[in-house]
$ cat final.txt   # compact mmCIF, C-alpha atoms (C1' of nucleotides)
# COMPACT_ATOMS: atom_id res chain seq x y z
CA MET A 742 80.12 123.44 40.19
CA MET A 743 79.99 127.05 39.14
CA SER A 744 76.33 127.08 38.26
CA ALA A 745 75.19 129.04 41.27
CA MET A 746 78.02 131.45 40.82
CA ALA A 747 77.10 132.08 37.21
CA ASP A 748 73.64 133.11 38.31
CA LEU A 749 75.07 135.32 40.95
CA VAL A 750 77.39 137.41 38.95
CA THR A 751 74.76 138.52 36.49
CA GLN A 752 71.54 139.90 37.86
CA ASP A 753 71.33 138.89 41.46
CA ASP A 754 74.73 140.30 42.14
CA GLU A 755 73.32 143.78 42.30
CA ARG A 756 70.88 142.97 45.02
CA LEU A 757 73.38 140.88 46.89
CA THR A 758 75.78 143.78 46.78
CA THR A 759 73.22 146.25 48.09
CA VAL A 760 72.52 144.06 51.06
CA GLY A 761 76.20 143.52 51.64
CA LEU A 762 76.89 147.23 51.57
CA LEU A 763 74.15 147.82 54.07
CA PHE A 764 75.66 145.35 56.50
CA GLU A 765 79.18 146.63 56.03
CA SER A 766 78.13 150.24 56.47
CA ALA A 767 76.21 149.51 59.62
CA ALA A 768 79.00 147.41 61.08
CA GLY A 769 81.59 150.05 60.26
CA LEU A 770 79.56 152.87 61.71
CA ARG A 771 78.82 150.89 64.83
CA ARG A 772 82.46 150.15 65.39
CA VAL A 773 83.48 153.75 64.84
CA PHE A 774 80.90 155.10 67.26
CA GLN A 775 81.53 152.38 69.77
CA THR A 776 85.22 153.15 70.02
CA ARG A 777 84.58 156.78 70.65
CA LEU A 778 81.65 156.35 73.00
CA GLU A 779 83.69 154.04 75.15
CA SER A 780 86.83 156.11 75.27
CA GLU A 781 85.16 159.46 75.78
CA LEU A 782 82.03 158.61 77.69
CA SER A 783 82.61 155.11 79.08
CA LEU A 784 79.40 153.92 77.49
CA SER A 785 79.06 150.83 75.35
CA ALA A 786 77.17 151.26 72.10
CA GLN A 787 74.50 148.99 73.46
CA SER A 788 74.06 150.99 76.64
CA PHE A 789 73.96 154.21 74.69
CA ASP A 790 71.30 152.82 72.42
CA VAL A 791 69.09 152.00 75.37
CA LEU A 792 69.76 155.29 77.07
CA ILE A 793 69.09 157.48 74.05
CA ARG A 794 65.79 155.74 73.39
CA LEU A 795 64.80 156.46 76.94
CA ALA A 796 66.05 160.03 76.75
CA ARG A 797 63.91 160.67 73.70
CA SER A 798 60.74 159.16 75.07
CA PRO A 799 58.07 161.14 76.91
CA GLY A 800 58.85 161.10 80.60
CA SER A 801 62.15 159.42 79.82
CA GLU A 802 60.58 156.06 80.40
CA LEU A 803 59.49 153.12 78.29
CA ARG A 804 58.09 149.67 78.83
CA MET A 805 60.68 146.94 78.79
CA SER A 806 59.06 145.30 75.81
CA GLU A 807 58.98 148.55 73.87
CA LEU A 808 62.59 149.12 74.62
CA ALA A 809 63.50 145.61 73.55
CA ALA A 810 61.79 146.04 70.20
CA GLN A 811 63.46 149.38 69.58
CA THR A 812 66.94 148.23 70.46
CA SER A 813 66.99 145.09 68.34
CA LEU A 814 67.45 143.11 71.51
CA THR A 815 65.44 140.14 72.70
CA PRO A 816 63.58 140.52 75.97
CA SER A 817 66.24 138.58 77.80
CA GLY A 818 69.01 140.65 76.34
CA LEU A 819 67.24 143.81 77.38
CA THR A 820 66.68 142.56 80.91
CA ARG A 821 70.41 142.13 81.32
CA SER A 822 71.19 145.44 79.65
CA VAL A 823 68.86 147.28 82.00
CA ASP A 824 70.35 145.32 84.90
CA ARG A 825 73.77 146.70 84.04
CA LEU A 826 72.51 150.23 83.62
CA GLN A 827 70.71 149.93 86.93
CA GLU A 828 73.91 148.86 88.65
CA GLN A 829 75.56 151.92 87.18
CA GLY A 830 72.79 154.07 88.57
CA LEU A 831 71.70 155.42 85.20
CA VAL A 832 68.36 153.67 84.93
CA ALA A 833 65.72 152.42 87.33
CA ARG A 834 62.74 150.13 87.01
CA ARG A 835 59.19 151.04 87.95
CA ILE A 836 56.46 148.46 88.13
CA CYS A 837 53.50 149.30 85.95
CA PRO A 838 50.54 150.00 88.22
CA GLU A 839 47.85 148.88 85.77
CA ASP A 840 49.60 145.68 84.81
CA ARG A 841 51.84 144.43 87.53
CA ARG A 842 53.55 141.95 85.24
CA GLY A 843 55.10 144.78 83.28
CA ALA A 844 57.75 147.29 84.14
CA PHE A 845 58.95 150.64 82.94
CA ALA A 846 62.58 151.54 82.65
CA HIS A 847 63.32 155.19 83.22
CA LEU A 848 66.36 157.42 83.40
CA THR A 849 67.54 158.42 86.84
CA PRO A 850 68.62 162.03 87.35
CA THR A 851 72.17 160.78 87.00
CA GLY A 852 71.22 159.08 83.76
CA GLN A 853 69.62 162.28 82.50
CA ALA A 854 72.75 164.22 83.33
CA VAL A 855 74.94 161.69 81.55
CA MET A 856 72.82 161.80 78.44
CA ASP A 857 72.69 165.60 78.45
CA ARG A 858 76.43 165.44 78.21
CA ALA A 859 76.67 162.43 75.89
CA ILE A 860 74.18 163.28 73.18
CA PRO A 861 75.86 166.45 71.92
CA VAL A 862 79.15 164.58 71.81
CA HIS A 863 77.60 161.81 69.79
CA VAL A 864 75.87 164.20 67.43
CA ALA A 865 79.14 165.99 66.86
CA HIS A 866 80.73 162.66 66.16
CA ILE A 867 78.10 161.79 63.58
CA ASP A 868 78.59 165.16 61.95
CA GLU A 869 82.29 164.57 61.82
CA VAL A 870 81.84 161.29 60.03
CA LEU A 871 79.04 162.26 57.67
CA SER A 872 79.80 165.87 56.88
CA ASP A 873 81.28 166.48 53.47
CA LEU A 874 80.11 163.02 52.49
CA PHE A 875 76.47 163.63 51.62
CA THR A 876 74.60 166.69 50.50
CA ALA A 877 71.43 167.48 52.37
CA GLN A 878 69.43 166.02 49.51
CA GLU A 879 71.45 162.84 49.39
CA GLU A 880 71.13 162.35 53.09
CA GLU A 881 67.43 162.90 52.88
CA ALA A 882 67.17 160.41 50.02
CA LEU A 883 69.16 157.85 51.96
CA ALA A 884 66.98 158.31 55.02
CA ALA A 885 63.84 157.97 52.92
CA LEU A 886 64.99 154.75 51.31
CA LEU A 887 66.10 153.27 54.59
CA ARG A 888 62.87 154.27 56.25
CA ARG A 889 60.97 152.43 53.59
CA LEU A 890 63.08 149.35 54.14
CA ARG A 891 62.78 149.52 57.90
CA ASP A 892 59.03 149.97 57.77
CA HIS A 893 58.78 147.12 55.32
CA LEU A 894 60.72 144.84 57.65
CA TYR A 895 59.16 145.74 60.95
CA GLY A 896 55.83 147.34 60.29
CA ALA A 897 52.82 146.32 58.29
CA GLY A 898 52.07 142.81 59.40
CA SER A 899 55.58 141.91 60.40
CA GLU A 900 55.64 139.18 57.79
CA TRP A 901 59.02 137.96 58.95
CA GLY A 902 58.60 137.53 62.65
CA LEU A 903 59.93 140.93 63.61
CA THR A 904 58.00 142.59 66.38
CA ALA A 905 57.60 146.32 66.55
CA GLU A 906 54.96 148.91 66.01
CA ASP A 907 55.65 152.56 65.40
CA THR A 908 59.30 152.72 66.23
CA ASP A 909 59.22 155.87 64.18
CA ALA A 910 58.12 157.72 67.26
CA CYS A 911 61.67 157.30 68.49
CA PRO A 912 63.91 157.18 65.47
CA VAL A 913 67.14 157.60 67.27
CA ALA A 914 70.72 156.77 66.59
CA ASP A 915 72.91 153.96 67.69
CA MET B 846 67.48 169.37 81.83
CA MET B 847 65.96 169.44 78.39
CA SER B 848 68.70 171.49 76.77
CA ALA B 849 70.34 168.67 74.89
CA MET B 850 66.97 167.41 73.80
CA ALA B 851 66.04 170.79 72.40
CA ASP B 852 69.11 170.76 70.22
CA LEU B 853 68.33 167.29 69.11
CA VAL B 854 64.86 167.69 67.87
CA THR B 855 65.71 170.51 65.53
CA GLN B 856 68.60 170.04 63.17
CA ASP B 857 70.65 167.16 64.45
CA ASP B 858 67.61 165.00 64.62
CA GLU B 859 67.75 164.39 60.92
CA ARG B 860 71.21 162.97 61.01
CA LEU B 861 70.55 161.02 64.15
CA THR B 862 67.54 159.53 62.47
CA THR B 863 69.45 158.54 59.36
CA VAL B 864 72.01 156.70 61.41
CA GLY B 865 69.29 155.09 63.48
CA LEU B 866 67.46 153.90 60.41
CA LEU B 867 70.63 152.40 59.05
CA PHE B 868 71.16 150.38 62.19
CA GLU B 869 67.57 149.28 62.43
CA SER B 870 67.45 148.25 58.81
CA ALA B 871 70.62 146.25 59.06
CA ALA B 872 69.56 144.59 62.28
CA GLY B 873 66.14 143.75 60.88
CA LEU B 874 67.51 142.32 57.68
CA ARG B 875 70.08 140.28 59.54
CA ARG B 876 67.48 138.78 61.81
CA VAL B 877 65.16 137.96 58.94
CA PHE B 878 67.88 136.26 56.96
CA GLN B 879 69.29 134.53 59.98
CA THR B 880 66.01 132.90 60.88
CA ARG B 881 65.54 131.54 57.43
CA LEU B 882 69.14 130.47 56.88
CA GLU B 883 69.08 128.51 60.10
CA SER B 884 65.74 126.82 59.61
CA GLU B 885 66.21 125.95 55.95
CA LEU B 886 69.93 125.46 55.63
CA SER B 887 71.22 125.00 59.17
CA LEU B 888 73.69 127.81 58.69
CA SER B 889 74.18 130.73 61.04
CA ALA B 890 74.29 134.14 59.43
CA GLN B 891 77.89 134.40 60.52
CA SER B 892 78.86 131.11 58.93
CA PHE B 893 77.04 132.00 55.76
CA ASP B 894 78.86 135.30 55.57
CA VAL B 895 82.21 133.57 55.72
CA LEU B 896 81.17 130.88 53.27
CA ILE B 897 79.75 133.23 50.66
CA ARG B 898 82.88 135.36 50.68
CA LEU B 899 84.91 132.26 50.07
CA ALA B 900 82.54 131.04 47.39
CA ARG B 901 82.89 134.31 45.52
CA SER B 902 86.65 134.47 45.67
CA PRO B 903 88.93 133.09 42.97
CA GLY B 904 89.77 129.51 43.82
CA SER B 905 87.25 129.65 46.65
CA GLU B 906 90.00 130.58 49.03
CA LEU B 907 91.07 133.68 50.94
CA ARG B 908 93.69 134.60 53.46
CA MET B 909 92.44 134.60 57.03
CA SER B 910 93.18 138.28 57.41
CA GLU B 911 91.31 139.16 54.21
CA LEU B 912 88.37 137.14 55.38
CA ALA B 913 88.41 138.81 58.76
CA ALA B 914 88.33 142.27 57.22
CA GLN B 915 85.50 141.35 54.88
CA THR B 916 83.31 139.78 57.52
CA SER B 917 83.51 142.57 60.07
CA LEU B 918 85.07 140.11 62.45
CA THR B 919 88.27 140.50 64.41
CA PRO B 920 91.06 138.04 63.66
CA SER B 921 90.25 136.08 66.77
CA GLY B 922 86.59 135.91 65.94
CA LEU B 923 87.42 134.65 62.48
CA THR B 924 89.76 132.00 63.82
CA ARG B 925 86.93 130.57 65.87
CA SER B 926 84.43 130.86 63.03
CA VAL B 927 86.72 128.97 60.68
CA ASP B 928 87.34 126.43 63.43
CA ARG B 929 83.65 125.72 63.59
CA LEU B 930 83.28 125.48 59.83
CA GLN B 931 86.25 123.15 59.73
CA GLU B 932 84.65 120.87 62.30
CA GLN B 933 81.57 120.81 60.08
CA GLY B 934 83.74 119.85 57.13
CA LEU B 935 82.80 122.87 55.04
CA VAL B 936 86.12 124.68 55.12
CA ALA B 937 89.77 123.72 55.40
CA ARG B 938 92.97 125.61 56.11
CA ARG B 939 96.03 125.64 53.88
CA ILE B 940 99.29 127.08 55.02
CA CYS B 941 100.57 129.78 52.70
CA PRO B 942 103.76 128.50 51.08
CA GLU B 943 105.40 131.89 50.59
CA ASP B 944 104.65 133.11 54.09
CA ARG B 945 104.36 130.31 56.52
CA ARG B 946 102.85 132.52 59.17
CA GLY B 947 99.76 132.97 57.06
CA ALA B 948 96.98 130.61 56.11
CA PHE B 949 94.30 130.35 53.48
CA ALA B 950 90.81 129.20 54.23
CA HIS B 951 89.15 127.39 51.35
CA LEU B 952 85.88 125.63 50.71
CA THR B 953 85.94 121.85 50.76
CA PRO B 954 83.97 120.01 48.07
CA THR B 955 81.27 119.57 50.67
CA GLY B 956 81.34 123.28 51.35
CA GLN B 957 81.08 124.02 47.65
CA ALA B 958 78.08 121.74 47.37
CA VAL B 959 76.40 123.35 50.35
CA MET B 960 76.90 126.81 48.93
CA ASP B 961 75.71 125.81 45.47
CA ARG B 962 72.51 124.89 47.19
CA ALA B 963 72.42 127.75 49.67
CA ILE B 964 73.16 130.75 47.51
CA PRO B 965 70.13 130.49 45.22
CA VAL B 966 67.94 130.08 48.27
CA HIS B 967 69.39 133.17 49.84
CA VAL B 968 69.12 135.20 46.66
CA ALA B 969 65.50 134.19 46.36
CA HIS B 970 65.00 135.24 49.92
CA ILE B 971 66.51 138.65 49.28
CA ASP B 972 64.30 139.05 46.25
CA GLU B 973 61.31 138.14 48.30
CA VAL B 974 62.08 140.82 50.83
CA LEU B 975 63.17 143.58 48.48
CA SER B 976 61.01 143.05 45.43
CA ASP B 977 58.14 145.51 45.07
CA LEU B 978 59.90 147.71 47.58
CA PHE B 979 62.43 149.52 45.43
CA THR B 980 62.57 150.31 41.76
CA ALA B 981 65.78 149.44 39.97
CA GLN B 982 66.77 153.09 40.10
CA GLU B 983 66.06 153.41 43.77
CA GLU B 984 68.02 150.30 44.57
CA GLU B 985 70.90 151.57 42.52
CA ALA B 986 70.77 154.91 44.30
CA LEU B 987 70.72 153.22 47.67
CA ALA B 988 73.67 151.04 46.75
CA ALA B 989 75.61 154.06 45.49
CA LEU B 990 75.01 156.03 48.68
CA LEU B 991 75.89 153.11 50.89
CA ARG B 992 79.00 152.39 48.86
CA ARG B 993 80.14 155.92 49.40
CA LEU B 994 79.58 155.58 53.13
CA ARG B 995 81.31 152.22 53.30
CA ASP B 996 84.31 153.48 51.35
CA HIS B 997 84.44 156.57 53.52
CA LEU B 998 84.50 154.46 56.66
CA TYR B 999 86.89 151.74 55.61
CA GLY B 1000 88.91 153.00 52.71
CA ALA B 1001 90.95 156.11 52.14
CA GLY B 1002 93.20 156.37 55.13
CA SER B 1003 90.93 154.53 57.51
CA GLU B 1004 90.74 157.59 59.68
CA TRP B 1005 88.74 155.77 62.28
CA GLY B 1006 90.78 152.68 62.90
CA LEU B 1007 88.93 150.43 60.52
CA THR B 1008 91.14 148.13 58.50
CA ALA B 1009 90.25 147.05 55.00
CA GLU B 1010 91.43 147.64 51.49
CA ASP B 1011 89.38 146.98 48.37
CA THR B 1012 86.58 144.94 49.82
CA ASP B 1013 84.73 145.95 46.71
CA ALA B 1014 86.35 143.02 44.97
CA CYS B 1015 83.99 140.83 46.93
CA PRO B 1016 80.90 142.88 47.69
CA VAL B 1017 78.74 140.03 48.85
CA ALA B 1018 75.68 139.72 50.94
CA ASP B 1019 75.07 139.01 54.52
C1' DC C 769 124.72 135.80 61.17
C1' DC C 770 122.22 137.28 65.19
C1' DA C 771 119.25 140.86 67.24
C1' DT C 772 115.40 143.60 66.78
C1' DT C 773 111.07 144.67 65.14
C1' DA C 774 106.85 143.64 62.70
C1' DT C 775 103.21 140.56 61.02
C1' DA C 776 99.73 136.31 60.76
C1' DG C 777 97.32 133.80 63.29
C1' DT C 778 95.85 131.49 67.71
C1' DT C 779 94.36 131.07 72.66
C1' DG C 780 92.76 132.46 77.75
C1' DC C 781 89.48 134.89 79.60
C1' DG C 782 85.64 137.85 80.57
C1' DA C 783 81.44 140.03 78.80
C1' DG C 784 77.14 140.08 76.16
C1' DT C 785 73.38 137.50 73.87
C1' DG C 786 69.69 134.30 72.49
C1' DC C 787 66.85 130.27 73.41
C1' DA C 788 64.15 127.69 76.31
C1' DA C 789 62.26 127.11 80.73
C1' DG C 790 60.52 129.35 84.78
C1' DT C 791 57.78 132.85 87.57
C1' DA C 792 54.33 136.19 88.40
C1' DC C 793 50.46 138.15 86.86
C1' DC C 794 46.22 139.18 83.88
C1' DA C 795 41.88 137.59 81.33
C1' DG C 796 38.25 134.75 79.99
C1' DT C 797 35.34 130.47 81.18
C1' DC C 798 32.61 127.37 83.64
C1' DG D 434 36.36 131.49 92.48
C1' DA D 435 39.21 127.78 90.76
C1' DC D 436 40.80 126.55 85.80
C1' DT D 437 42.79 127.40 81.60
C1' DG D 438 45.42 130.05 78.59
C1' DG D 439 48.11 134.03 77.50
C1' DT D 440 51.41 137.88 78.55
C1' DA D 441 55.62 140.42 80.67
C1' DC D 442 59.41 139.78 82.17
C1' DT D 443 63.44 137.00 84.31
C1' DT D 444 66.96 133.27 84.82
C1' DG D 445 69.97 128.87 83.44
C1' DC D 446 72.81 127.61 80.14
C1' DA D 447 75.45 127.42 76.10
C1' DC D 448 77.52 129.97 72.52
C1' DT D 449 79.98 133.77 70.17
C1' DC D 450 82.85 137.59 70.34
C1' DG D 451 86.59 140.96 71.35
C1' DC D 452 90.72 142.21 73.90
C1' DA D 453 95.15 141.21 75.39
C1' DA D 454 98.78 138.03 75.62
C1' DC D 455 101.20 134.44 73.16
C1' DT D 456 103.60 131.64 69.30
C1' DA D 457 105.66 131.26 65.02
C1' DT D 458 107.45 133.20 61.12
C1' DA D 459 109.21 136.98 58.25
C1' DA D 460 111.89 141.28 57.41
C1' DT D 461 115.26 144.74 58.64
C1' DG D 462 119.72 146.24 60.28
C1' DG D 463 123.86 146.05 62.31
$ encode --input "final.txt" --output "structure tokens"
Amino acid sequence: MMSAMADLVTQDDERLTTVGLLFESAAGLRRVFQTRLESELSLSAQSFDVLIRLARSPGSELRMSELAAQTSLTPSGLTRSVDRLQEQGLVARRICPEDRRGAFAHLTPTGQAVMDRAIPVHVAHIDEVLSDLFTAQEEEALAALLRRLRDHLYGAGSEWGLTAEDTDACPVAD
Amino acid sequence: MMSAMADLVTQDDERLTTVGLLFESAAGLRRVFQTRLESELSLSAQSFDVLIRLARSPGSELRMSELAAQTSLTPSGLTRSVDRLQEQGLVARRICPEDRRGAFAHLTPTGQAVMDRAIPVHVAHIDEVLSDLFTAQEEEALAALLRRLRDHLYGAGSEWGLTAEDTDACPVAD
DNA sequence: CCATTATAGTTGCGAGTGCAAGTACCAGTC
DNA sequence: GACTGGTACTTGCACTCGCAACTATAATGG
């Protein structure tokens, strides 16, 4: 009855714990940012994620499929997300001329203005949470390790059904 | 129009990227595990998270509130999750004798059996994903950094509205 | 005691999401 | 140039989740 547990608490525990910490950290950070983004900027974390990826892309536009891959959303989820942002007037769609199946999402001037205001707030918020927690070296080490993990998961063959190419071009936040 | 962007791409970018990597890594890992857990064990990632926390607790039982804190779920979310697991016969509730408002959730024998089978599979899966990616030292370093972040977010005053005490007692996985 | 306040958990409801099916379009084949 | 297959999104539907309101029980205080 305890056989599996016995295995666990010896060697595997370490790895299990690492994974658990990763999930807990991400969930905690997301919740913290979400609260603040909503109260101060009336943006959901999900919306902000989409918007910041657009803001940091050349021309402030991206194909729907690209955006879906970068935001950890399925195509259908992204469609709805962009729908909402479109209703709010922050984003607009543009049909791709060369391939009329596809579409670009791009920031409207209003969306640009909102993000110009929102990004510094968010950056300040990140600083507030992370400052005095990591040294520059530690933060760099953490980023390096996570980058390796992310690339392993998404890039290089996508052995586990995860689609995405060089998301590194738009590293981004939440 | 580009003012906020200019700020971004210099100093703040690093921190923004770290946070972004954390989210992407967590999302990627979750999806990978979820796919496999569902196809091989018919368990959602959410269910598995609840079950493994129970499995690793003394007596295989935990108060609902404890469980909620550990699973990054709100109390209402946990209520529903336990409801589902109860319908599947994997978990049962037990009213706390000393405080009849509260309740314990505990694994049923069936639940125990399922987890005895599921945990080794999941551990193997983690190994498969992480092996040859990090050295023991790197993994340890990553865990240490993440633990610091997690404790900073949840513990010590919970400056950001996150509730949780010593979740370290049950570090756990997904 | 009874009243007040706080806590543990549950439920109504609305919002977001994924899966599978559908639509519109491209690309290669005969 | 219709036929077949594949791609880029979009929609129907069911499910999960969080928030706010609610119930039941404790704990405090007169």
$ residues_around --input "final.txt" --residues "DG784 in chain C" --least-positions-apart "6" --cutoff "12 Å" --atoms "all atoms listed in the file" --output "list in words"
Ser785, Ala786, Gln787, Ser788, Leu814, Ser817, Gly818, Leu819, Thr820, Arg821, Ser822 and Arg825 of chain A; DC448, DT449, DC450 and DG451 of chain D
$ atom_distance --input "final.txt" --atom1 "C1' of DT775 in chain C" --atom2 "C1' of DA460 in chain D"
9.4 Å
$ atom_distance --input "final.txt" --atom1 "CA of Ser884 in chain B" --atom2 "CA of Thr916 in chain B"
21.9 Å
$ closest_residue --input "final.txt" --among "D:DA435, D:DA459, D:DC452, D:DC442" --to "chain A" --atoms "all atoms listed in the file"
D:DC442
$ calpha_fit_rmsd --input "final.txt" --fixed "chain A" --moving "chain B"
0.2 Å
$ atom_distance --input "final.txt" --atom1 "C1' of DC446 in chain D" --atom2 "CA of Asp790 in chain A"
26.4 Å
$ axis_aligned_box --input "final.txt" --around "range 775-784 of chain C" --padding-each-side "3 Å" --output "lines of an AutoDock Vina configuration file"
center_x = 90.2
center_y = 135.8
center_z = 70.7
size_x = 32.1
size_y = 15.5
size_z = 25.8
$ residues_around --input "final.txt" --residues "Thr955 in chain B" --least-positions-apart "4" --cutoff "8 Å" --atoms "all atoms listed in the file" --output "list in words"
Gly934, Leu935 and Val959 of chain B
$ interface_residues --input "final.txt" --of "chain B" --to "chain C" --cutoff "12 Å" --atoms "all atoms listed in the file" --output "PyMOL selection string"
chain B and resi 876+908-911+913+919-925+927-928+938+940-941+944-949
$ interface_residues --input "final.txt" --of "chain D" --to "chain A" --cutoff "12 Å" --atoms "all atoms listed in the file" --output "PDB file with C-alpha atoms (C1' of nucleotides), in the frame of the given file"
ATOM      1  C1'  DT D 440      51.410 137.880  78.550  1.00  0.00           C
ATOM      2  C1'  DA D 441      55.620 140.420  80.670  1.00  0.00           C
ATOM      3  C1'  DC D 442      59.410 139.780  82.170  1.00  0.00           C
ATOM      4  C1'  DT D 443      63.440 137.000  84.310  1.00  0.00           C
ATOM      5  C1'  DT D 444      66.960 133.270  84.820  1.00  0.00           C
ATOM      6  C1'  DG D 445      69.970 128.870  83.440  1.00  0.00           C
ATOM      7  C1'  DG D 451      86.590 140.960  71.350  1.00  0.00           C
TER       8       DG D 451
END
$ residues_near_point --input "final.txt" --point "(78.5, 156.6, 76.9)" --cutoff "10 Å" --atoms "only C-alpha atoms (C1' of nucleotides)" --output "JSON, numbers by chain"
{"A": [775, 777, 778, 779, 780, 781, 782, 783, 784, 785, 786, 787, 788, 789, 790, 792, 793, 855, 856, 858, 859, 860, 862, 863]}
$ closest_residue --input "final.txt" --among "A:Glu869, A:Glu839, A:Glu879, A:Glu802" --to "chain B" --atoms "all atoms listed in the file"
A:Glu879
$ closest_residue --input "final.txt" --among "A:Arg888, A:His866, A:Ala846, A:Phe774" --to "chain B" --atoms "all atoms listed in the file"
A:Arg888
$ closest_residue --input "final.txt" --among "A:Val773, A:Ala833, A:Ser798, A:Leu808" --to "chain B" --atoms "only C-alpha atoms"
A:Val773
$ residues_near_point --input "final.txt" --point "(77.6, 150.1, 65.0)" --cutoff "10 Å" --atoms "only C-alpha atoms (C1' of nucleotides)" --output "PyMOL selection string"
(chain A and resi 764-776+786-787+914-915) or (chain B and resi 864-865+867-868+871)
$ closest_residue --input "final.txt" --among "A:Asp857, A:Val832, A:Ala877, A:Ala810" --to "chain B" --atoms "all atoms listed in the file"
A:Asp857
$ decode --input "final.txt" --residues "chain C" --atoms "C-alpha atoms (C1' of nucleotides)" --output "CSV table (one decimal), in the first residue's frame"
chain,number,residue,atom,x,y,z
C,769,DC,C1',-27.1,32.5,28.1
C,770,DC,C1',-27.9,35.2,24.0
C,771,DA,C1',-25.8,38.4,20.6
C,772,DT,C1',-22.1,39.4,17.8
C,773,DT,C1',-18.5,38.3,15.0
C,774,DA,C1',-15.5,35.1,12.6
C,775,DT,C1',-14.5,30.8,10.1
C,776,DA,C1',-15.2,26.3,7.0
C,777,DG,C1',-17.3,25.0,3.5
C,778,DT,C1',-21.0,25.1,-0.2
C,779,DT,C1',-23.9,27.0,-4.1
C,780,DG,C1',-25.8,30.4,-8.0
C,781,DC,C1',-24.1,32.5,-11.6
C,782,DG,C1',-21.3,34.4,-15.2
C,783,DA,C1',-16.9,34.2,-17.7
C,784,DG,C1',-13.2,31.7,-20.0
C,785,DT,C1',-11.4,27.5,-22.2
C,786,DG,C1',-10.7,23.2,-24.9
C,787,DC,C1',-12.4,19.7,-28.0
C,788,DA,C1',-14.6,18.5,-32.0
C,789,DA,C1',-17.1,19.8,-35.9
C,790,DG,C1',-17.7,23.4,-39.4
C,791,DT,C1',-16.3,27.0,-42.9
C,792,DA,C1',-13.3,29.2,-46.1
C,793,DC,C1',-9.4,29.0,-48.4
C,794,DC,C1',-4.9,27.2,-50.4
C,795,DA,C1',-2.1,23.4,-52.9
C,796,DG,C1',-1.2,19.5,-55.5
C,797,DT,C1',-3.2,15.9,-58.9
C,798,DC,C1',-5.4,14.0,-62.7
